[in-house]
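Reviewing the structure listed below.
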Amino acid sequence: MNDIEFMGQFSQEIGAEYQLAKSYVREMPSQALVHLRSLCHCLVKLVATQHSLTYQSPNLYDRVEQLNAQRLLTPRQTRLLHKLRVLGNKGAHPEKYHLTFAQLVTLAEKGIADLLTLAESLGKGSGGNKYLFEPFDEVVGRDLCYRAVMQADPKAQYLVGMSLKTKGLLQLEQDTSLADKQKPNANLQQAAFWFEQAAKFDTKALFEHGVGLLHGYQGHSRIAEGEKAVADAADAGDIEAKALLGYFLLIGNERFAQDLTRAFSLLSEAAEQDHVEAMANLGVYYYQVDDETQAFHWINKAAQAGNPHSQYHLALMLESGQGCEVHGEQSQYWLNEAAEQGQLDAMLMIAKSLLSKEMLTEVESKRVQDYLSDVIKYGRSVSAMLELSVALADGVLGKIDIVKASSLLMTAQDYAKENELEVISPLKQSMLLQIEQVMSLVTSDEELATLVQAREILQSQ
């Protein structure tokens with residue numbers, strides 16, 4: 001038998017869900033990851049049925065931990081379930097993890113392999129684990145396009161839209177210049193078209209249509225129409241829409257006056273169905289109503305579910321004892337977790353902390369440079385530009401690169417606010433003075449040319 005038939009031994013639902021997940025890997029990896037998360041729900045439900053267990057929570061993390069606590073899962077099975085659960089969250093919002101499309105495909109392929117390993121360990125017995133893995137195919141994309149165009153199938157139109165949206169958002173993440181980010185994005189424009197086509201018939205498409213209007217996928221934002229579409233999708237029962245509408249009501253805006261009672265209701269409903277951002281925003285809700293214990297509870301849940309922003313805020317709460325006991329070791333753990341997932345504030349904090357040491361190892365130097373470079377690339381952080389510029393000028397990272405240091409300082413000047421310019425001006429003068437002093441001492445033509453280039457960069461404005 002093949003791998004699809006193997007998974008079908010567990011149940012017809014699991015077999016069908018696995019077949020979908022696998023078919024999406026190459027062309028719609030974000031959807032593959034979301035389906036892998038659904039398969040985790042199916043498998044933990046199956047384990048509970050086998051042991052006549054009643055779950056205490058609908059939340060996947062809680063269910064896995066309940067099985068683990070009762071030793072109905074091995075440590076390895078528990079780790080695999082949590083890993084797949086976090087992958088599913090990345091699939092829901094891949095653009096927030098600074099991934100390329102190729103990296104997303106790799107994650108989906110690894111997710112399929114991990115799911116099969118998990119399924120093998122759960123086992124069917126009597127030789128039921130012997131199967132032949134069939135290669136991934138790329139047929140599903142063509143089939144969906146045919147159904148979307150020729151058959152006007154709303155489900156296919158929605159999925160084509162999601163594929164284009166993922167590619168478009170990932171492309172925006174990788175664009176390095178502000179000008180590139182402001183150009184119309186063809187993938188997002190096409191995604192918006194397909195969401196609009198399907199919106200009348202599919203609540204998920206209606207929600208995505210609203211998001212597209214809010215963020216201007218077609219070149220300009222239509223805020224009022226977008227917010228109405230999101231609200232309509234929430235009223236129709238879409239969990240993503242309920243989570244976003246809950247956020248709107250939590251903070252308040254022109255269309256939706258702040259309504260903490262309704263926000264709490266919507267966010268709670270979404271959080272109970274494992275919506276990670278709803279969990280995080282429940283933490284914000286409790287913070288707003290001065291219940292730091294519950295704020296910590298929900299931020300912790302979102303962090304455990306893999307949300308990097310929650311992991312960062314959890315680190316801060318553990319460091320200060322906000323809603324919990326002070327725990328420096330756990331704080332550092334969650335700060336590292338957040339940074340490894342690309343949370344920019346965590347990356348900047350760790351880089352600054354390392355730069356405060358008297359001497360860095362080679363590994364630490366590389367980590368600082370990588371983190372600061374990513375914070376600059378994805379966040380346009382003036383603080384990160386200044387930190388890296390000074391480090392490269394002073395040779396703190398194991399080498400001196402005065403040209404790059406000068407370029408970073410001038411880029412920081414371009415993005416700086418008024419209070420930041422007050423810091424940049426003396427740094428610039430100090431670097432120019434340093435260059436002039438070194439120029440009088442060097443004898444190498446190559447070194448002199450490098451210093452002249454750095455001076456010209458600093459004097460260019």
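By order in the structure tokens, chains are A, B, ...; within a chain, residues start at 1; ligands start at 1, following the order shown.
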
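Near Ala270 in chain A, within 10 Å and counting only C-alpha atoms, sit Asp238, Ile239, Glu240, Ala241, Lys242, Ala243, Leu244, Gly246, Phe264, Val276, Glu277, Ala278, Met279 and Leu282 of chain A; same-chain residues fewer than 6 positions away were not included.
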
Write the residues of the selection above to a file with all heavy atoms, as a compact mmCIF listing (two decimals), in the first residue's frame.
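Once written, again_13.txt looks like this:
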```
# COMPACT_ATOMS: atom_id res chain seq x y z
N ASP A 238 -17.09 32.64 10.41
CA ASP A 238 -15.68 32.38 10.11
C ASP A 238 -14.81 32.75 11.31
O ASP A 238 -14.87 33.88 11.82
CB ASP A 238 -15.25 33.20 8.89
CG ASP A 238 -13.81 32.91 8.49
OD1 ASP A 238 -13.57 31.85 7.93
OD2 ASP A 238 -12.94 33.76 8.78
N ILE A 239 -13.99 31.81 11.77
CA ILE A 239 -13.19 32.01 12.97
C ILE A 239 -12.10 33.06 12.77
O ILE A 239 -11.85 33.90 13.65
CB ILE A 239 -12.56 30.68 13.43
CG1 ILE A 239 -13.66 29.77 13.99
CG2 ILE A 239 -11.50 30.90 14.50
CD1 ILE A 239 -14.39 30.35 15.19
N GLU A 240 -11.45 33.06 11.61
CA GLU A 240 -10.44 34.09 11.34
C GLU A 240 -11.06 35.47 11.42
O GLU A 240 -10.48 36.41 11.97
CB GLU A 240 -9.83 33.87 9.94
CG GLU A 240 -8.95 32.65 9.82
CD GLU A 240 -7.55 32.87 10.38
OE1 GLU A 240 -7.20 34.03 10.67
OE2 GLU A 240 -6.82 31.88 10.54
N ALA A 241 -12.27 35.61 10.87
CA ALA A 241 -12.96 36.89 10.89
C ALA A 241 -13.35 37.29 12.31
O ALA A 241 -13.24 38.46 12.70
CB ALA A 241 -14.20 36.83 9.99
N LYS A 242 -13.80 36.32 13.09
CA LYS A 242 -14.15 36.62 14.49
C LYS A 242 -12.94 37.10 15.27
O LYS A 242 -13.03 38.03 16.08
CB LYS A 242 -14.76 35.39 15.15
CG LYS A 242 -16.16 35.05 14.64
CD LYS A 242 -16.75 33.86 15.39
CE LYS A 242 -18.17 33.58 14.90
NZ LYS A 242 -18.82 32.48 15.63
N ALA A 243 -11.80 36.48 15.02
CA ALA A 243 -10.57 36.88 15.71
C ALA A 243 -10.18 38.31 15.33
O ALA A 243 -9.80 39.11 16.20
CB ALA A 243 -9.44 35.92 15.38
N LEU A 244 -10.29 38.65 14.05
CA LEU A 244 -9.91 39.99 13.61
C LEU A 244 -10.93 41.03 14.08
O LEU A 244 -10.55 42.12 14.52
CB LEU A 244 -9.77 40.02 12.08
CG LEU A 244 -9.27 41.35 11.50
CD1 LEU A 244 -7.95 41.78 12.13
CD2 LEU A 244 -9.11 41.24 9.98
N GLY A 246 -12.75 40.78 16.70
CA GLY A 246 -12.48 40.91 18.13
C GLY A 246 -11.35 41.88 18.39
O GLY A 246 -11.41 42.69 19.33
N PHE A 264 -14.16 40.46 23.98
CA PHE A 264 -13.85 39.28 24.80
C PHE A 264 -14.59 38.05 24.30
O PHE A 264 -14.01 36.96 24.19
CB PHE A 264 -14.22 39.55 26.26
CG PHE A 264 -14.07 38.35 27.15
CD1 PHE A 264 -12.82 37.93 27.56
CD2 PHE A 264 -15.18 37.61 27.55
CE1 PHE A 264 -12.67 36.81 28.37
CE2 PHE A 264 -15.04 36.49 28.36
CZ PHE A 264 -13.78 36.09 28.77
N VAL A 276 -4.36 31.31 17.32
CA VAL A 276 -3.24 31.76 18.15
C VAL A 276 -3.26 33.27 18.38
O VAL A 276 -3.00 33.75 19.49
CB VAL A 276 -1.90 31.32 17.52
CG1 VAL A 276 -0.74 31.81 18.36
CG2 VAL A 276 -1.85 29.82 17.40
N GLU A 277 -3.55 34.04 17.35
CA GLU A 277 -3.57 35.49 17.53
C GLU A 277 -4.72 35.92 18.43
O GLU A 277 -4.61 36.92 19.15
CB GLU A 277 -3.64 36.19 16.17
CG GLU A 277 -2.36 35.99 15.37
CD GLU A 277 -2.25 36.94 14.19
OE1 GLU A 277 -3.16 37.76 14.00
OE2 GLU A 277 -1.24 36.86 13.47
N ALA A 278 -5.80 35.16 18.42
CA ALA A 278 -6.90 35.46 19.35
C ALA A 278 -6.44 35.21 20.79
O ALA A 278 -6.78 35.97 21.70
CB ALA A 278 -8.12 34.60 19.02
N MET A 279 -5.65 34.15 21.00
CA MET A 279 -5.09 33.90 22.33
C MET A 279 -4.23 35.09 22.78
O MET A 279 -4.34 35.57 23.91
CB MET A 279 -4.22 32.64 22.32
CG MET A 279 -4.93 31.35 22.04
SD MET A 279 -3.71 30.00 22.00
CE MET A 279 -4.67 28.70 21.22
N LEU A 282 -6.37 38.01 23.63
CA LEU A 282 -7.02 37.83 24.93
C LEU A 282 -6.08 38.28 26.04
O LEU A 282 -6.51 38.84 27.05
CB LEU A 282 -7.43 36.37 25.13
CG LEU A 282 -8.85 35.97 24.73
CD1 LEU A 282 -9.07 34.50 25.04
CD2 LEU A 282 -9.89 36.81 25.45
```

Run DSSP on the backbone and give me the residues of range 43-263 of chain A it puts in alpha helix (DSSP H), as an NGL selection string. :A and (43-50 or 60-69 or 75-92 or 101-122 or 139-150 or 154-174 or 178-182 or 186-198 or 203-215 or 223-235 or 239-251 or 260-263)

Neighbour list for Ala229 in chain A as a list of chain:residue names, cut-off 7 Å, only C-alpha atoms, skip fewer than 6 positions in-chain: A:Leu206, A:Phe207, A:Gly210

Any chance you can output those residues with N, CA and C atoms as an mmCIF file, in the first residue's frame?
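Output saved as again_39.cif:
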```cif
data_model
loop_
_atom_site.group_PDB
_atom_site.id
_atom_site.type_symbol
_atom_site.label_atom_id
_atom_site.label_comp_id
_atom_site.auth_asym_id
_atom_site.auth_seq_id
_atom_site.Cartn_x
_atom_site.Cartn_y
_atom_site.Cartn_z
ATOM 1 N N LEU A 206 -14.834 35.490 1.747
ATOM 2 C CA LEU A 206 -15.367 36.792 2.130
ATOM 3 C C LEU A 206 -14.420 37.473 3.122
ATOM 4 N N PHE A 207 -13.918 36.706 4.083
ATOM 5 C CA PHE A 207 -12.955 37.266 5.034
ATOM 6 C C PHE A 207 -11.697 37.739 4.317
ATOM 7 N N GLY A 210 -12.174 40.884 2.492
ATOM 8 C CA GLY A 210 -12.113 42.010 3.406
ATOM 9 C C GLY A 210 -10.696 42.401 3.759
#
```

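For the choices A:Lys377, A:Arg63, A:Arg26, A:Lys167, the atom-to-atom distance to Leu107 in chain A is smallest for A:Arg26 when using only C-alpha atoms.
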
Return as a Markdown table the residues of range 329-397 of chain A lying at most 12 Å from range 409-426 of chain A, together with the closest atom-to-atom pair for each and the distance in Å to one decimal, counting only C-alpha atoms, with rows in chain order and ascending residue number.
```
| residue | atom | partner | partner_atom | distance |
| --- | --- | --- | --- | --- |
| A:Ile376 | CA | A:Ala412 | CA | 9.5 |
| A:Lys377 | CA | A:Thr411 | CA | 11.6 |
| A:Gly379 | CA | A:Tyr415 | CA | 11.0 |
| A:Arg380 | CA | A:Tyr415 | CA | 7.5 |
| A:Ser381 | CA | A:Ala412 | CA | 8.0 |
| A:Val382 | CA | A:Ala412 | CA | 5.1 |
| A:Ser383 | CA | A:Ala412 | CA | 8.0 |
| A:Ala384 | CA | A:Ala412 | CA | 8.8 |
| A:Met385 | CA | A:Ala412 | CA | 5.8 |
| A:Leu386 | CA | A:Leu409 | CA | 6.2 |
| A:Glu387 | CA | A:Leu409 | CA | 9.5 |
| A:Leu388 | CA | A:Leu409 | CA | 9.0 |
| A:Ser389 | CA | A:Leu409 | CA | 6.1 |
| A:Val390 | CA | A:Leu409 | CA | 8.5 |
| A:Ala391 | CA | A:Leu409 | CA | 11.4 |
| A:Leu392 | CA | A:Leu409 | CA | 10.8 |
| A:Ala393 | CA | A:Leu409 | CA | 10.3 |
```

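Within 9 Å of range 156-162 of chain A there are Met28, Ser30, Gln31, Gly141, Asp143, Leu144, Cys145, Tyr146, Arg147, Ala148, Val149, Asn187, Leu188, Gln190, Ala191, Ala192, Phe193, Trp194, Phe195, Glu196, Gln197, Ala198, Ala199, Asp202, Lys204, Ala205 and Glu208 of chain A, counting only C-alpha atoms and ignoring same-chain residues fewer than 6 positions away.
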
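The two atoms in question, CA of Asn300 in chain A and CA of Leu115 in chain A, are spaced 25.5 Å apart.
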